[in-house]
Amino acid sequence: MDVISADLNSLSPVHLNSTQDASSSLPTSPETGSDHSQFLSTSFSPLTYAQQLVQETPSTSNLDKFDQIHGRLQAKIDDLQQKTKTLIASSQSQLLDQIVGVRTIDSSLSAIEEQIREIKAYMHALRSKIRVPHTQAVAYARQAANLQAAMRFARLTARFMQLARKLRTQVPDMVEEAQDSSGRCDWAAAALTLADIERTVASNGGLAGIFVVDNEIKSSVEPRRRRALLAAESMVSNGMQKNSTSDVGSGLIVLANLGALGNVVAKKVRQEASSWATYVSSASLSDTWVDIASLVDQLLARGLQIRTLEKALARRRDVVTRFDVSVDNSAGFLDSVVAQLGDRALAFWWRAAVAVLSARILAAPTRATVTTGFPRLVRAFFPKLEPLVLAHLGGVTTVRELPSNGATQELHEEEEAEAEEPGVLILWDGLLAPLATEYCARAATRMNGSVKRCFGQQILAAPVKKNVIAAVRRISAETQLASADSRLSAAVLRCASDSVDEFMQEINARVARVSATVLPPVFNDGPNELLSVYAGLVNAVQTLCTGLRESDVCIQQLPDPYALVEPLFAAAQIGISEAIDQDDLQTVESAMQWIQSQVIAPIELDLYRRTQMFVKISMQKYVRTTLLIYPMTEEAKLHVVANVARFEFACSQLVSLADTGDAYASLRLLRPLLFMDSKQLCKNIENGDMLKCLPKADLLSFVIYRIVSEVVELADKEMLLPHTVLGWTQVQLREYMLDQVQQEPLLLDNVLDAQRWSLDQLAQKLQEISPEHYDLASCVLKHLAK
């Protein structure tokens, strides 16, 4: 039936209406007229359809036309009936199968319902059998629970009464204690008993409301607890006054067993801080330094008491509770105090004490005095307070972040590598740092004033020596006063360094003005007053540096007075080089005298080594210039011999010639070298005697110029000279080689290449012209031109 209804529903008017447009487009069999969709339309009109059929039928007689229409309609009706019968026949087998299945399910459901009814009957009977025993069991269980609760409270009450009797034994009544003066209360054990009583009363919902318990707590336990607290506080106070950690520790154990350690100790520390504030506010500072010393003594005494308390907290030698598993030993005494105060006891009290003392000392009537004598204030604190402020001596340690005051940071700039002591840092940040800043500013003003007094109104004048010595004494005095503390000392040393820098700025400015007038020097003139001023400026720097070193003023970078002398030697070196190049021995002698009279004599420095270097370089340049003479005639040789003697005498006026080493040896070698014949020269070259004191380039130049000067038969000899090979003039070659005197090693590779080429060409041409000179050239090529 479901299948038939489904098929019939597919032909419903609604379905046909929704598919009318689609079905109208399908082809229709003209023979059967199988298109029935138009009859299913909700807007179907028989009259309209009949008129449509009349119009579609060909025009014949009316009778024939209606017969045709009737026949068409009958054909459609027959076709519809045929489709209906076909549909019913095809769905019959499916309908029969579904009917059979429904009947089978109906029989199964009936059997299940019968079984459910039987189970309900069984459950009803079982419930009737269980209800009565279950009710009895629940009642018995409730009775047992009540009995257990009663027994638990009875045991707790009995336990409480036992502990109460034990507490009376440990802490007798006041009357009994007065009668038996020999007895002492065992406060540590009593405190442990009180802790057990509190846990017993509070366990399992508590014993409050039980008459016996409430009466015993009110009449016996609470009074003894108050007495135990008072006794513990008394032990702590007495132990602090005697600086006895054992006595303080006994009181702390009692407080810990009572569960009041953190609160009572924190209250004690705050009371001590308040007591110190009252003492400081009432103290008189009429005699400033005496009264400050008295305050520091009292600060030390009170601080040592707090330190004793903290030591006892840190040690935590609790022998009574150590073996009692009922007491929680996981948290230390000191931890409970830190939780209440936010810091360790000594650090908390020290911060408060420093703040109170700072407010009192920095008040207007006292501040000016302590600022002026600030080093004395520092000495009043240190080293007296070191047991309080130095951690390795048992002083202040903190769990809080250290203070970071701007003034304190400025004072600590040069002590970053040193670990900061919390106690010292708190003292500096709270009290000393502002005073130190003011004191350093005043010290800097005093030192700068002494530096300015060194220089008069005249721009081109040297400082007076006694004024420089006075400035040194002022700087030394300020640094010695500040040596009581490393921070203050570092700050004052920075100010001293700034004063020295200011001194050097003025010195350098005056040196620059004088140098513009006296340099380059004129050697042939008489004494120059400005050179005396220059020497005075150098001597002032030397006096300053010597005085600071002797006074142990540890300024990191002291000025170098030798750097001021260097321009004088450099200018003299340039002048002597020019005079040597021009063969002006008189100017060389004047320059040596100028160095002696205008530089070495008036300047209070040990300039021997610098003078020795000056003479050595002058000798090297003179020897090189001499060996580059061309043409090397007999007249030129005699002239050189005479000048060498004068030059040697001039140098001997400044230094000992033996101290110049190879430079003097090469100078002494000039005279025999000029007059050696070719064979002697070859022999000395082969022995290596020449190379010990003469550079290779100089000896090659001398040999080449000597051969070219002595062998007249050479053709185009000018083209074979080293300076020609290099494309230079002889003056240019000499200037280049003189510039390389101070270079180690000599930067003469291009010159050596040109000399080798020149010597090789000369050897080829001398083989037939002059065998003697050929042997010399070959010997030099063999030993020197490698």
# chains A, B, ... in the order shown; residues from 1 in each chain; ligands from 1
$ select_by_dssp --residues "segment 476-601 of chain A" --states "helix (DSSP H, G or I)" --output "PyMOL selection string"
chain A and resi 476-484+486-518+529-550+561-581+585-600
$ atom_distance --atom1 "atom CA of Asn238 of chain A" --atom2 "atom CA of Gln305 of chain A"
9.9 Å
$ residues_around --residues "segment 544-555 of chain A" --least-positions-apart "6" --cutoff "12 Å" --atoms "only C-alpha atoms" --output "PyMOL selection string"
chain A and resi 451+454+463-483+489-501+503-504+507+537-538+561-562+604-605
$ atom_distance --atom1 "atom CA of Met632 of chain A" --atom2 "atom CA of Asp739 of chain A"
22.6 Å
$ atom_distance --atom1 "atom CA of Thr372 of chain A" --atom2 "atom CA of Leu435 of chain A"
9.0 Å
$ residues_around --residues "segment 646-657 of chain A" --least-positions-apart "5" --cutoff "12 Å" --atoms "only C-alpha atoms" --output "MDAnalysis selection string"
chainID A and resid 576 579:580 583:597 599:601 607:623 626 639:641 662:668 670
$ residues_around --residues "Leu388 of chain A" --least-positions-apart "4" --cutoff "8 Å" --atoms "only C-alpha atoms" --output "number ranges by chain"
A: 300, 303-304, 307, 393-396, 423
